[in-house]
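Colleague: Just so it is clear, I am handing over protein-v9.txt, which has compact mmCIF, C-alpha atoms and all ligand atoms.
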# COMPACT_ATOMS: atom_id res chain seq x y z
CA MET A 1 -30.35 -19.45 -27.23
CA ARG A 2 -31.33 -18.07 -30.62
CA ARG A 3 -34.60 -19.96 -30.37
CA ALA A 4 -35.12 -18.68 -26.82
CA LEU A 5 -34.59 -15.09 -28.04
CA ALA A 6 -37.12 -15.58 -30.84
CA LEU A 7 -39.63 -16.85 -28.27
CA ALA A 8 -38.87 -13.92 -25.94
CA ALA A 9 -39.64 -11.43 -28.73
CA ARG A 10 -43.22 -12.74 -28.86
CA GLY A 11 -43.82 -10.91 -25.57
CA ARG A 12 -42.89 -7.57 -27.15
CA TYR A 13 -46.18 -5.78 -26.68
CA ARG A 14 -47.50 -7.16 -23.41
CA THR A 15 -44.68 -7.50 -20.89
CA SER A 16 -43.75 -3.89 -19.98
CA PRO A 17 -42.45 -3.08 -17.35
CA ASN A 18 -41.20 -6.67 -17.20
CA PRO A 19 -38.49 -7.99 -19.52
CA MET A 20 -39.17 -10.17 -22.54
CA VAL A 21 -37.82 -13.61 -21.68
CA GLY A 22 -37.71 -16.88 -23.61
CA ALA A 23 -36.60 -20.33 -22.48
CA VAL A 24 -35.84 -23.68 -24.11
CA VAL A 25 -35.32 -27.05 -22.39
CA LEU A 26 -32.85 -29.28 -24.20
CA ARG A 27 -32.44 -32.98 -23.40
CA ASP A 28 -30.06 -35.26 -25.32
CA GLY A 29 -29.82 -32.62 -28.05
CA ARG A 30 -33.61 -32.43 -28.48
CA ARG A 31 -35.91 -29.53 -27.60
CA VAL A 32 -38.33 -31.00 -25.08
CA GLY A 33 -39.97 -27.80 -23.87
CA GLU A 34 -40.08 -24.10 -24.55
CA GLY A 35 -41.89 -21.03 -23.32
CA TYR A 36 -41.86 -17.27 -22.97
CA HIS A 37 -43.12 -14.56 -20.70
CA ARG A 38 -46.41 -13.68 -22.39
CA ARG A 39 -47.65 -10.75 -20.33
CA VAL A 40 -46.92 -8.82 -17.19
CA GLY A 41 -48.17 -10.80 -14.18
CA GLY A 42 -48.16 -14.08 -16.15
CA PRO A 43 -45.85 -17.08 -15.61
CA HIS A 44 -42.15 -16.60 -16.28
CA ALA A 45 -40.57 -18.18 -19.37
CA GLU A 46 -38.66 -20.81 -17.38
CA VAL A 47 -41.83 -22.03 -15.66
CA GLU A 48 -43.66 -22.29 -19.00
CA ALA A 49 -40.79 -24.18 -20.62
CA LEU A 50 -40.39 -26.57 -17.68
CA ALA A 51 -44.12 -27.26 -17.58
CA ALA A 52 -44.05 -28.05 -21.30
CA ALA A 53 -41.09 -30.40 -20.79
CA GLY A 54 -42.64 -32.22 -17.80
CA ALA A 55 -40.58 -35.24 -16.71
CA ALA A 56 -38.23 -34.75 -19.68
CA ALA A 57 -36.71 -31.74 -17.83
CA ARG A 58 -34.89 -34.14 -15.47
CA ALA A 59 -31.14 -34.03 -16.23
CA ALA A 60 -31.81 -31.51 -19.03
CA THR A 61 -30.23 -28.16 -19.94
CA LEU A 62 -32.29 -24.97 -19.68
CA PHE A 63 -31.45 -22.08 -22.01
CA VAL A 64 -32.91 -18.79 -20.84
CA THR A 65 -32.44 -15.26 -22.20
CA LEU A 66 -32.24 -13.66 -18.73
CA GLU A 67 -30.98 -14.82 -15.35
CA PRO A 68 -33.75 -16.69 -13.50
CA CYS A 69 -35.25 -14.85 -10.53
CA ASP A 70 -34.69 -16.01 -6.96
CA HIS A 71 -37.38 -14.00 -5.16
CA HIS A 72 -41.12 -14.01 -4.70
CA GLY A 73 -42.59 -11.34 -7.00
CA ARG A 74 -45.95 -11.73 -8.68
CA THR A 75 -44.91 -15.39 -9.15
CA PRO A 76 -42.70 -17.77 -7.07
CA PRO A 77 -38.91 -17.90 -7.68
CA CYS A 78 -37.91 -19.56 -10.95
CA THR A 79 -34.81 -21.02 -9.28
CA GLU A 80 -37.09 -23.23 -7.18
CA ALA A 81 -38.95 -24.47 -10.25
CA ILE A 82 -35.64 -25.22 -11.99
CA LEU A 83 -34.28 -27.19 -9.03
CA ALA A 84 -37.55 -29.04 -8.51
CA ALA A 85 -37.56 -30.08 -12.18
CA GLY A 86 -34.11 -31.67 -11.85
CA VAL A 87 -32.39 -29.50 -14.48
CA VAL A 88 -28.60 -30.06 -14.33
CA ARG A 89 -27.35 -27.18 -16.49
CA VAL A 90 -28.57 -23.60 -16.97
CA VAL A 91 -27.32 -21.31 -19.75
CA ALA A 92 -28.34 -17.64 -19.34
CA ALA A 93 -27.61 -14.85 -21.84
CA HIS A 94 -26.93 -12.33 -19.08
CA ARG A 95 -27.65 -11.32 -15.50
CA ASP A 96 -30.76 -9.54 -14.35
CA PRO A 97 -29.91 -6.05 -13.01
CA ASP A 98 -33.04 -6.00 -10.84
CA PRO A 99 -31.66 -5.35 -7.33
CA ARG A 100 -33.56 -8.43 -6.09
CA VAL A 101 -31.65 -10.67 -8.52
CA ARG A 102 -28.22 -9.31 -9.67
CA GLY A 103 -26.46 -12.66 -9.79
CA ALA A 104 -28.37 -14.16 -6.85
CA GLY A 105 -30.41 -16.41 -9.14
CA LEU A 106 -27.34 -17.93 -10.79
CA ALA A 107 -25.51 -18.15 -7.44
CA ARG A 108 -28.41 -20.09 -5.93
CA LEU A 109 -28.37 -22.55 -8.82
CA ARG A 110 -24.59 -23.00 -8.59
CA ALA A 111 -24.83 -23.55 -4.83
CA ALA A 112 -27.38 -26.30 -5.49
CA GLY A 113 -24.93 -28.08 -7.83
CA VAL A 114 -26.37 -26.93 -11.16
CA GLU A 115 -23.78 -26.20 -13.87
CA VAL A 116 -24.22 -22.54 -14.89
CA GLU A 117 -22.98 -20.76 -17.98
CA GLU A 118 -23.51 -17.03 -18.72
CA GLY A 119 -22.95 -14.92 -21.80
CA PRO A 120 -24.09 -16.60 -25.05
CA LEU A 121 -25.76 -14.03 -27.36
CA ALA A 122 -25.68 -11.47 -24.54
CA ALA A 123 -25.56 -8.48 -26.93
CA GLU A 124 -28.62 -9.81 -28.80
CA ALA A 125 -30.47 -10.31 -25.55
CA VAL A 126 -29.54 -6.84 -24.29
CA ARG A 127 -30.70 -5.30 -27.58
CA LEU A 128 -34.02 -7.09 -27.31
CA ASN A 129 -34.55 -5.90 -23.75
CA LEU A 130 -33.31 -2.29 -23.94
CA ARG A 131 -36.73 -1.21 -22.75
CA TYR A 132 -36.25 -3.19 -19.52
CA LEU A 133 -32.52 -2.62 -19.02
CA VAL A 134 -32.17 1.12 -19.70
CA PRO A 135 -34.52 2.25 -16.89
CA LYS A 136 -32.91 -0.20 -14.47
CA LEU A 137 -29.31 0.71 -15.36
CA LEU A 138 -29.54 4.38 -16.38
CA GLY A 139 -32.51 5.51 -14.29
CA ARG A 140 -34.38 6.96 -17.28
CA PRO A 141 -36.63 5.60 -20.03
CA LEU A 142 -35.27 3.96 -23.17
CA VAL A 143 -35.41 6.51 -26.00
CA THR A 144 -36.10 5.50 -29.61
CA LEU A 145 -35.74 8.21 -32.25
CA LYS A 146 -38.01 7.58 -35.22
CA TRP A 147 -38.90 9.27 -38.51
CA ALA A 148 -40.16 8.66 -42.01
CA ALA A 149 -38.06 10.23 -44.76
CA SER A 150 -37.86 10.32 -48.52
CA LEU A 151 -34.89 8.71 -50.22
CA ASP A 152 -33.27 12.16 -50.34
CA GLY A 153 -33.68 12.56 -46.59
CA LYS A 154 -36.65 14.90 -46.19
CA ILE A 155 -39.35 14.45 -43.53
CA ALA A 156 -41.73 17.02 -45.07
CA THR A 157 -42.03 19.14 -48.19
CA ALA A 158 -40.82 22.75 -48.11
CA GLY A 159 -44.48 23.64 -47.47
CA GLY A 160 -44.60 21.33 -44.40
CA GLU A 161 -46.63 18.44 -45.88
CA SER A 162 -45.55 15.07 -44.47
CA GLN A 163 -48.63 12.85 -44.65
CA TRP A 164 -47.83 10.40 -46.05
CA ILE A 165 -44.23 9.95 -47.03
CA SER A 166 -44.17 6.21 -46.32
CA GLY A 167 -46.58 3.61 -47.67
CA PRO A 168 -49.29 1.66 -45.78
CA ALA A 169 -47.03 -1.26 -44.75
CA ALA A 170 -44.37 1.02 -43.26
CA ARG A 171 -47.05 3.08 -41.55
CA ARG A 172 -48.42 -0.05 -39.91
CA TRP A 173 -44.89 -0.92 -38.80
CA ALA A 174 -44.58 2.60 -37.34
CA LEU A 175 -47.88 2.24 -35.49
CA ALA A 176 -46.70 -1.04 -33.96
CA LEU A 177 -43.75 0.88 -32.47
CA ARG A 178 -46.26 2.87 -30.42
CA ASP A 179 -47.56 -0.34 -28.85
CA GLU A 180 -43.98 -1.27 -28.00
CA HIS A 181 -43.22 1.91 -26.06
CA ASP A 182 -44.86 3.22 -22.90
CA ALA A 183 -45.03 6.75 -24.32
CA VAL A 184 -44.97 8.61 -27.65
CA LEU A 185 -43.43 12.11 -27.71
CA VAL A 186 -43.51 14.99 -30.23
CA GLY A 187 -42.64 18.69 -30.30
CA ILE A 188 -45.23 21.43 -30.51
CA GLY A 189 -44.13 22.10 -34.11
CA THR A 190 -45.39 18.66 -35.12
CA ALA A 191 -48.48 18.88 -32.94
CA LEU A 192 -49.46 22.14 -34.68
CA ALA A 193 -48.51 21.09 -38.22
CA ASP A 194 -50.02 17.59 -38.25
CA ASP A 195 -52.49 17.53 -35.35
CA PRO A 196 -51.54 13.87 -34.68
CA ARG A 197 -53.56 11.61 -32.38
CA LEU A 198 -50.42 9.76 -31.25
CA ASP A 199 -52.62 6.87 -30.14
CA ARG A 200 -52.24 3.11 -30.30
CA ARG A 201 -54.49 1.80 -32.99
CA LEU A 202 -53.44 -1.79 -33.52
CA GLY A 203 -54.52 -3.22 -30.16
CA LEU A 204 -51.21 -5.04 -29.74
CA ALA A 205 -50.44 -3.70 -26.27
CA GLY A 206 -53.98 -4.17 -24.99
CA GLY A 207 -54.35 -0.62 -23.64
CA PRO A 208 -53.60 3.03 -24.33
CA GLY A 209 -50.15 4.59 -24.02
CA THR A 210 -49.04 7.99 -22.75
CA ARG A 211 -48.88 10.90 -25.24
CA VAL A 212 -46.32 13.63 -24.59
CA VAL A 213 -45.87 17.07 -26.19
CA LEU A 214 -42.93 19.42 -25.52
CA ASP A 215 -44.54 22.84 -25.60
CA ARG A 216 -42.57 25.58 -23.83
CA ARG A 217 -45.14 28.31 -24.40
CA LEU A 218 -48.34 26.24 -24.26
CA ARG A 219 -49.32 26.81 -27.87
CA LEU A 220 -51.22 23.52 -28.12
CA PRO A 221 -54.91 24.24 -28.76
CA PRO A 222 -57.42 22.47 -26.47
CA THR A 223 -59.09 21.28 -29.69
CA ALA A 224 -56.04 19.15 -30.63
CA ARG A 225 -57.05 15.66 -31.78
CA LEU A 226 -54.78 13.97 -29.27
CA PHE A 227 -57.33 14.85 -26.58
CA ASP A 228 -59.93 12.72 -28.34
CA GLY A 229 -58.20 9.40 -27.68
CA PRO A 230 -57.83 7.40 -24.45
CA GLY A 231 -54.77 7.44 -22.17
CA PRO A 232 -52.80 10.12 -20.38
CA VAL A 233 -51.59 13.31 -22.11
CA LEU A 234 -48.53 15.04 -20.65
CA LEU A 235 -47.50 18.54 -21.67
CA TYR A 236 -44.09 19.85 -20.66
CA THR A 237 -43.90 23.62 -20.55
CA GLU A 238 -41.95 26.58 -19.23
CA ALA A 239 -45.12 28.71 -19.13
CA ALA A 240 -46.72 29.90 -15.92
CA GLU A 241 -50.23 28.90 -14.93
CA GLY A 242 -52.91 30.92 -16.68
CA PRO A 243 -55.89 30.58 -19.02
CA ALA A 244 -54.04 28.41 -21.60
CA TRP A 245 -52.85 26.08 -18.84
CA GLU A 246 -56.35 25.81 -17.39
CA ALA A 247 -57.93 25.16 -20.77
CA LEU A 248 -55.49 22.31 -21.47
CA ALA A 249 -55.82 20.88 -17.97
CA GLY A 250 -59.59 21.09 -18.49
CA ARG A 251 -59.17 18.76 -21.47
CA GLY A 252 -57.49 16.23 -19.18
CA ALA A 253 -53.82 17.03 -19.83
CA ALA A 254 -51.28 16.83 -17.03
CA VAL A 255 -49.37 20.09 -17.53
CA VAL A 256 -45.87 19.87 -16.06
CA ARG A 257 -43.77 22.99 -15.60
CA LEU A 258 -40.04 22.57 -15.93
CA GLU A 259 -37.49 25.33 -15.60
CA ARG A 260 -36.09 24.25 -18.97
CA VAL A 261 -37.95 21.87 -21.29
CA GLU A 262 -34.86 19.85 -22.18
CA PRO A 263 -34.57 16.10 -22.87
CA ALA A 264 -32.82 15.25 -19.58
CA ALA A 265 -35.42 17.02 -17.44
CA VAL A 266 -38.31 15.54 -19.42
CA LEU A 267 -36.92 12.02 -19.17
CA GLY A 268 -36.30 12.46 -15.45
CA ASP A 269 -39.93 13.40 -14.92
CA LEU A 270 -41.17 10.56 -17.15
CA ALA A 271 -39.06 8.09 -15.16
CA ARG A 272 -40.68 9.32 -11.92
CA ARG A 273 -44.05 8.63 -13.51
CA GLY A 274 -43.07 5.05 -14.28
CA VAL A 275 -42.59 5.50 -18.04
CA GLY A 276 -39.90 3.03 -19.11
CA SER A 277 -39.69 3.72 -22.85
CA VAL A 278 -40.33 6.69 -25.12
CA LEU A 279 -40.81 6.77 -28.87
CA VAL A 280 -39.73 10.21 -30.12
CA GLU A 281 -41.68 10.76 -33.33
CA GLY A 282 -40.33 14.20 -34.19
CA GLY A 283 -40.16 16.68 -35.55
CA GLY A 284 -36.70 17.75 -36.52
CA GLU A 285 -36.04 20.13 -33.63
CA ILE A 286 -37.04 17.62 -30.99
CA LEU A 287 -35.13 14.73 -32.60
CA ALA A 288 -32.07 17.00 -32.80
CA ALA A 289 -32.42 17.97 -29.13
CA PHE A 290 -32.36 14.31 -28.01
CA ALA A 291 -29.53 13.47 -30.41
CA ALA A 292 -27.42 16.45 -29.30
CA ALA A 293 -27.94 15.51 -25.64
CA GLY A 294 -26.84 11.92 -26.41
CA LEU A 295 -30.09 10.76 -24.82
CA PHE A 296 -31.17 7.92 -27.10
CA GLU A 297 -30.48 4.23 -27.61
CA ARG A 298 -32.31 3.27 -30.78
CA VAL A 299 -32.65 5.04 -34.11
CA THR A 300 -35.31 3.73 -36.43
CA GLY A 301 -37.33 4.86 -39.37
CA ALA A 302 -38.66 4.34 -42.85
CA LEU A 303 -37.05 5.44 -46.11
CA ALA A 304 -39.60 5.85 -48.87
CA PRO A 305 -38.77 5.72 -52.59
CA LEU A 306 -39.62 9.31 -53.46
CA LEU A 307 -37.54 12.44 -53.96
CA ILE A 308 -38.85 15.57 -52.24
CA GLY A 309 -35.97 18.02 -52.55
CA GLY A 310 -36.20 21.68 -51.67
CA ARG A 311 -33.66 23.73 -49.71
CA ALA A 312 -36.34 24.65 -47.20
CA ALA A 313 -37.64 21.09 -46.77
CA LEU A 314 -36.74 19.63 -43.36
CA GLY A 315 -34.45 16.67 -42.76
CA PRO A 316 -34.97 14.27 -39.83
CA LEU A 317 -32.72 16.27 -37.50
CA GLY A 318 -32.86 20.07 -37.24
CA GLY A 319 -31.02 22.03 -34.58
CA ASN A 320 -27.49 23.29 -35.21
CA GLY A 321 -26.07 19.88 -36.11
CA ILE A 322 -22.46 18.94 -35.43
CA GLY A 323 -19.41 20.95 -36.44
CA ARG A 324 -17.16 18.16 -37.62
CA LEU A 325 -17.90 14.68 -38.93
CA ALA A 326 -15.69 13.17 -36.25
CA GLU A 327 -18.14 14.53 -33.63
CA ALA A 328 -21.22 12.90 -35.20
CA PRO A 329 -22.96 10.36 -32.99
CA ARG A 330 -22.76 7.03 -34.78
CA VAL A 331 -25.27 4.24 -35.05
CA GLU A 332 -24.17 0.62 -35.17
CA SER A 333 -25.65 -2.84 -35.71
CA LEU A 334 -27.93 -1.42 -38.42
CA ARG A 335 -30.67 -3.74 -39.63
CA TRP A 336 -32.76 -3.21 -42.76
CA ARG A 337 -35.99 -4.70 -43.97
CA ARG A 338 -38.53 -4.04 -46.67
CA ARG A 339 -42.02 -2.95 -45.73
CA GLY A 340 -44.02 -2.68 -48.93
CA ALA A 341 -42.11 -0.29 -51.18
CA ASP A 342 -40.23 1.25 -48.25
CA LEU A 343 -37.10 0.29 -46.36
CA VAL A 344 -37.28 0.32 -42.58
CA PHE A 345 -34.10 0.48 -40.54
CA GLU A 346 -33.13 0.13 -36.92
CA GLY A 347 -29.77 0.72 -35.25
CA VAL A 348 -28.33 1.29 -31.82
CA ARG A 349 -26.23 4.25 -30.63
CA GLU A 350 -22.56 3.37 -30.81
CA GLY A 351 -21.16 2.14 -27.54
CA CYS A 352 -24.57 1.62 -25.97
CA LEU A 353 -24.70 -2.20 -26.20
CA PRO A 354 -21.14 -2.85 -24.91
CA ALA A 355 -21.72 -0.54 -21.92
CA LEU A 356 -25.03 -2.19 -21.02
CA CYS A 357 -23.56 -5.68 -21.56
CA ALA A 358 -20.75 -4.85 -19.12
CA SER A 359 -23.34 -3.74 -16.56
CA VAL A 360 -25.06 -7.13 -16.73
CA GLY A 361 -21.85 -9.11 -16.40
CA ALA A 362 -21.48 -9.91 -20.09
CA SER A 363 -18.54 -7.84 -21.34
N1 LIG B 1 -41.82 12.54 -41.59
C1 LIG B 1 -41.78 12.44 -40.29
O1 LIG B 1 -41.39 11.42 -39.74
C2 LIG B 1 -42.21 13.60 -39.44
C3 LIG B 1 -42.42 13.38 -38.08
C4 LIG B 1 -42.79 14.47 -37.30
C5 LIG B 1 -42.91 15.72 -37.87
N2 LIG B 1 -42.71 15.89 -39.20
C6 LIG B 1 -42.81 17.20 -39.81
O2 LIG B 1 -41.87 18.05 -39.15
C7 LIG B 1 -42.39 19.37 -39.08
C8 LIG B 1 -42.33 19.85 -37.66
O3 LIG B 1 -41.00 19.78 -37.19
P1 LIG B 1 -40.34 20.95 -36.36
O4 LIG B 1 -38.90 20.66 -36.25
O5 LIG B 1 -40.82 22.23 -36.92
O6 LIG B 1 -41.10 20.83 -34.97
P2 LIG B 1 -40.92 19.93 -33.68
O7 LIG B 1 -39.55 19.38 -33.58
O8 LIG B 1 -42.08 18.99 -33.61
O9 LIG B 1 -41.18 21.02 -32.57
C9 LIG B 1 -40.24 22.05 -32.38
C10 LIG B 1 -40.74 22.95 -31.28
O10 LIG B 1 -40.77 22.23 -30.06
C11 LIG B 1 -40.61 23.15 -29.00
N3 LIG B 1 -39.64 22.65 -28.05
C12 LIG B 1 -39.88 22.34 -26.75
N4 LIG B 1 -38.78 21.94 -26.15
C13 LIG B 1 -37.81 21.94 -27.06
C14 LIG B 1 -36.43 21.60 -27.01
N5 LIG B 1 -35.84 21.16 -25.87
N6 LIG B 1 -35.70 21.72 -28.12
C15 LIG B 1 -36.27 22.15 -29.27
N7 LIG B 1 -37.56 22.48 -29.38
C16 LIG B 1 -38.33 22.39 -28.28
C17 LIG B 1 -40.17 24.47 -29.63
O11 LIG B 1 -41.28 25.34 -29.64
P3 LIG B 1 -41.61 26.19 -28.32
O12 LIG B 1 -40.35 26.97 -28.03
O13 LIG B 1 -42.78 27.01 -28.65
O14 LIG B 1 -41.90 25.20 -27.25
C18 LIG B 1 -39.81 24.10 -31.04
O15 LIG B 1 -40.04 25.13 -31.94
C19 LIG B 1 -43.78 19.31 -39.65
O16 LIG B 1 -43.74 19.71 -40.99
C20 LIG B 1 -44.14 17.85 -39.57
O17 LIG B 1 -45.07 17.49 -40.56
C21 LIG B 1 -42.36 14.85 -40.00
Please render this file's structure as structure tokens.
Ligand SMILES: NC(=O)c1ccc[n+]([C@@H]2O[C@H](COP(=O)([O-])OP(=O)(O)OC[C@H]3O[C@@H](n4cnc5c(N)ncnc54)[C@H](OP(=O)(O)O)[C@@H]3O)[C@@H](O)[C@H]2O)c1
Modeller:
Amino acid sequence: MRRALALAARGRYRTSPNPMVGAVVLRDGRRVGEGYHRRVGGPHAEVEALAAAGAAARAATLFVTLEPCDHHGRTPPCTEAILAAGVVRVVAAHRDPDPRVRGAGLARLRAAGVEVEEGPLAAEAVRLNLRYLVPKLLGRPLVTLKWAASLDGKIATAGGESQWISGPAARRWALALRDEHDAVLVGIGTALADDPRLDRRLGLAGGPGTRVVLDRRLRLPPTARLFDGPGPVLLYTEAAEGPAWEALAGRGAAVVRLERVEPAAVLGDLARRGVGSVLVEGGGEILAAFAAAGLFERVTGALAPLLIGGRAALGPLGGNGIGRLAEAPRVESLRWRRRGADLVFEGVREGCLPALCASVGAS
């Protein structure tokens, strides 16, 4: 299953809105075939792995990171391919919450006499596929909070300079996160201070993403650099229509008026537009708003080996903060890695994985 998860992760940039799925065919203790879902619309992992195994799949065990489908989507049902190949045992990390599957795939296999096991490495598989599972189970996009900070926890100098705190390797890592998410979101404070393009530059996802700015009063200038790149631009505002609105719409932005520009309302609108994952890149006020609302799953960032200091220099989260330590949202399953001279980290909001695991039958 660990191998199947590693294969699944190879589909990271190309499978949205589909899940990342990996599969391994094991026969007499030997791997005889493996595969993964490479891109949306392409063959499912099980089909790839079974094709690679050929006749060796007969009487074999199939390990797959997600319950096989039992319906005709863009491709025929995987259950049929599994039965036709003569597989005798299927081990799935967890169930697929898609209403067309939800246990039906495993039930079909059981009914046909295949031995079925569910649950191995379910939490790992859920963590890998948050981007697929959160929209399906919570009805809103996955939210990743991200920042780059100095070792003393500052995201800009007291004068507002933040480019660049992290080194080239960590910056490349941060750019790859954009290819992983359907949308990138910042506050108007960041848009005005840094004039970011918020675009995908690495070509990993094979197309542009959506850029989002939270701008209650429509202060974004039509000359902002984010209008120069490809892909949709969404501006959430509380302002009424007028010259500023028209100027921004004239630059191609979709200006969306909300009664209150708050995380829940923004995510609700993004979900209606088919956005399944959002990378919140700052700044401090916006990160704090999502954290305070409890609307995030992943927390990630880079810590760079420099000391910025300064009472007026911003930390990653602004807002009012929490009153008591016991009230602080906690992050668990933290992972660390080096990227050049920097450390990059990634964790998951406490309680998020167990709740999602329970929803996919893997408590
Ligand atoms: N190192 C890093 O990773 C990093 C990343 C990003 C930014 N930065 C730095 O952070 C600084 C900007 O951060 P910031 O905190 O001033 O700005 P910000 O968080 O980007 O934007 C804050 C503004 O967003 C608007 N807003 C819209 N909806 C909001 C909501 N629900 N809650 C709160 N604000 C909302 C508000 O302005 P309106 O009321 O006018 O709408 C608010 O003043 C810059 O110096 C930038 O360089 C660093």
Colleague: Residues within 7 Å of ligand LIG 1 (chain B), counting only C-alpha atoms and all ligand atoms: report them as a VMD selection string.
Modeller: chain A and resid 146 to 149 155 to 156 160 to 162 165 186 to 191 193 to 194 214 to 217 219 261 to 263 281 to 287 289 314 318
Colleague: Closest to Pro354 (chain A) among A:Ala8, A:Leu26, A:Val126, A:Val275, using only C-alpha atoms?
Modeller: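 The closest residue to Pro354 (chain A) is A:Val126.
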Colleague: Within 10 Å of Ala313 (chain A), counting all atoms listed in the file, which residues show up once you throw out same-chain ones fewer than 2 positions away? Write them as JSON, numbers by chain, please.
Modeller: {"A": [153, 154, 155, 156, 157, 158, 159, 160, 161, 308, 309, 310, 311, 315]}
Colleague: Go ahead and save the residues from that selection, with C-alpha atoms, as a CSV table (one decimal), keeping the file's coordinate frame.
Modeller:
chain,number,residue,atom,x,y,z
A,153,GLY,CA,-33.7,12.6,-46.6
A,154,LYS,CA,-36.6,14.9,-46.2
A,155,ILE,CA,-39.4,14.4,-43.5
A,156,ALA,CA,-41.7,17.0,-45.1
A,157,THR,CA,-42.0,19.1,-48.2
A,158,ALA,CA,-40.8,22.8,-48.1
A,159,GLY,CA,-44.5,23.6,-47.5
A,160,GLY,CA,-44.6,21.3,-44.4
A,161,GLU,CA,-46.6,18.4,-45.9
A,308,ILE,CA,-38.8,15.6,-52.2
A,309,GLY,CA,-36.0,18.0,-52.6
A,310,GLY,CA,-36.2,21.7,-51.7
A,311,ARG,CA,-33.7,23.7,-49.7
A,315,GLY,CA,-34.4,16.7,-42.8
Colleague: Give me the region 76-133 of chain A side of the contact with region 338-353 of chain A, cut-off 9 Å, one line per residue showing its nearest atom pair and distance in Å at one decimal, counting only C-alpha atoms, sorted by chain and residue number, as CSV.
Modeller:
residue,atom,partner,partner_atom,distance
A:Ala123,CA,A:Leu353,CA,6.4
A:Glu124,CA,A:Leu353,CA,8.9
A:Val126,CA,A:Leu353,CA,7.0
A:Arg127,CA,A:Leu353,CA,6.9
A:Leu130,CA,A:Leu353,CA,8.9
Colleague: Using all atoms listed in the file, can you tell me which of A:Val280, A:Leu270, A:Leu303, A:Val360 comes closest to Ala92 (chain A)?
Modeller: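 Nearest to Ala92 (chain A): A:Val360.
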Colleague: May I ask for the distance between CA of Asp199 (chain A) and CA of Val278 (chain A), given in Å to one decimal place?
Modeller: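 Between CA of Asp199 (chain A) and CA of Val278 (chain A) the gap works out to 13.3 Å.
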Colleague: So, with all atoms listed in the file as the atoms that count, which of A:Arg39, A:Thr300, A:Val47, A:Thr65 lies closest to Arg3 (chain A)?
Modeller: A:Thr65
Colleague: In Å, with one decimal, what is the gap from CA of Trp164 (chain A) to CA of Gly321 (chain A)?
Modeller: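 Between CA of Trp164 (chain A) and CA of Gly321 (chain A) the gap works out to 25.7 Å.
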Colleague: Mind dumping region 103-115 of chain A from that block, keeping N, CA and C atoms, as a PDB file, in the first residue's frame?
Modeller:
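Printed below is decode_29.pdb as written:
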ATOM      1  N   GLY A 103     -18.962   2.622  -1.273  1.00  0.00           N
ATOM      2  CA  GLY A 103     -19.061   1.233  -0.822  1.00  0.00           C
ATOM      3  C   GLY A 103     -19.583   0.300  -1.895  1.00  0.00           C
ATOM      4  N   ALA A 104     -20.180   0.830  -2.948  1.00  0.00           N
ATOM      5  CA  ALA A 104     -20.773  -0.036  -3.980  1.00  0.00           C
ATOM      6  C   ALA A 104     -19.693  -0.812  -4.735  1.00  0.00           C
ATOM      7  N   GLY A 105     -18.518  -0.206  -4.903  1.00  0.00           N
ATOM      8  CA  GLY A 105     -17.437  -0.880  -5.617  1.00  0.00           C
ATOM      9  C   GLY A 105     -16.965  -2.106  -4.843  1.00  0.00           C
ATOM     10  N   LEU A 106     -16.751  -1.923  -3.535  1.00  0.00           N
ATOM     11  CA  LEU A 106     -16.276  -3.039  -2.708  1.00  0.00           C
ATOM     12  C   LEU A 106     -17.376  -4.094  -2.567  1.00  0.00           C
ATOM     13  N   ALA A 107     -18.640  -3.635  -2.461  1.00  0.00           N
ATOM     14  CA  ALA A 107     -19.759  -4.583  -2.324  1.00  0.00           C
ATOM     15  C   ALA A 107     -19.867  -5.457  -3.573  1.00  0.00           C
ATOM     16  N   ARG A 108     -19.681  -4.846  -4.733  1.00  0.00           N
ATOM     17  CA  ARG A 108     -19.764  -5.599  -5.989  1.00  0.00           C
ATOM     18  C   ARG A 108     -18.677  -6.678  -6.040  1.00  0.00           C
ATOM     19  N   LEU A 109     -17.479  -6.311  -5.596  1.00  0.00           N
ATOM     20  CA  LEU A 109     -16.370  -7.272  -5.614  1.00  0.00           C
ATOM     21  C   LEU A 109     -16.643  -8.421  -4.644  1.00  0.00           C
ATOM     22  N   ARG A 110     -17.122  -8.053  -3.441  1.00  0.00           N
ATOM     23  CA  ARG A 110     -17.450  -9.096  -2.441  1.00  0.00           C
ATOM     24  C   ARG A 110     -18.504 -10.037  -2.992  1.00  0.00           C
ATOM     25  N   ALA A 111     -19.536  -9.457  -3.611  1.00  0.00           N
ATOM     26  CA  ALA A 111     -20.644 -10.273  -4.136  1.00  0.00           C
ATOM     27  C   ALA A 111     -20.139 -11.241  -5.202  1.00  0.00           C
ATOM     28  N   ALA A 112     -19.062 -10.855  -5.888  1.00  0.00           N
ATOM     29  CA  ALA A 112     -18.518 -11.717  -6.943  1.00  0.00           C
ATOM     30  C   ALA A 112     -17.503 -12.720  -6.374  1.00  0.00           C
ATOM     31  N   GLY A 113     -17.347 -12.744  -5.041  1.00  0.00           N
ATOM     32  CA  GLY A 113     -16.477 -13.746  -4.426  1.00  0.00           C
ATOM     33  C   GLY A 113     -15.048 -13.296  -4.200  1.00  0.00           C
ATOM     34  N   VAL A 114     -14.773 -12.008  -4.436  1.00  0.00           N
ATOM     35  CA  VAL A 114     -13.414 -11.505  -4.205  1.00  0.00           C
ATOM     36  C   VAL A 114     -13.267 -11.203  -2.710  1.00  0.00           C
ATOM     37  N   GLU A 115     -12.113 -11.557  -2.133  1.00  0.00           N
ATOM     38  CA  GLU A 115     -11.855 -11.227  -0.730  1.00  0.00           C
ATOM     39  C   GLU A 115     -11.491  -9.737  -0.668  1.00  0.00           C
TER      40      GLU A 115
END
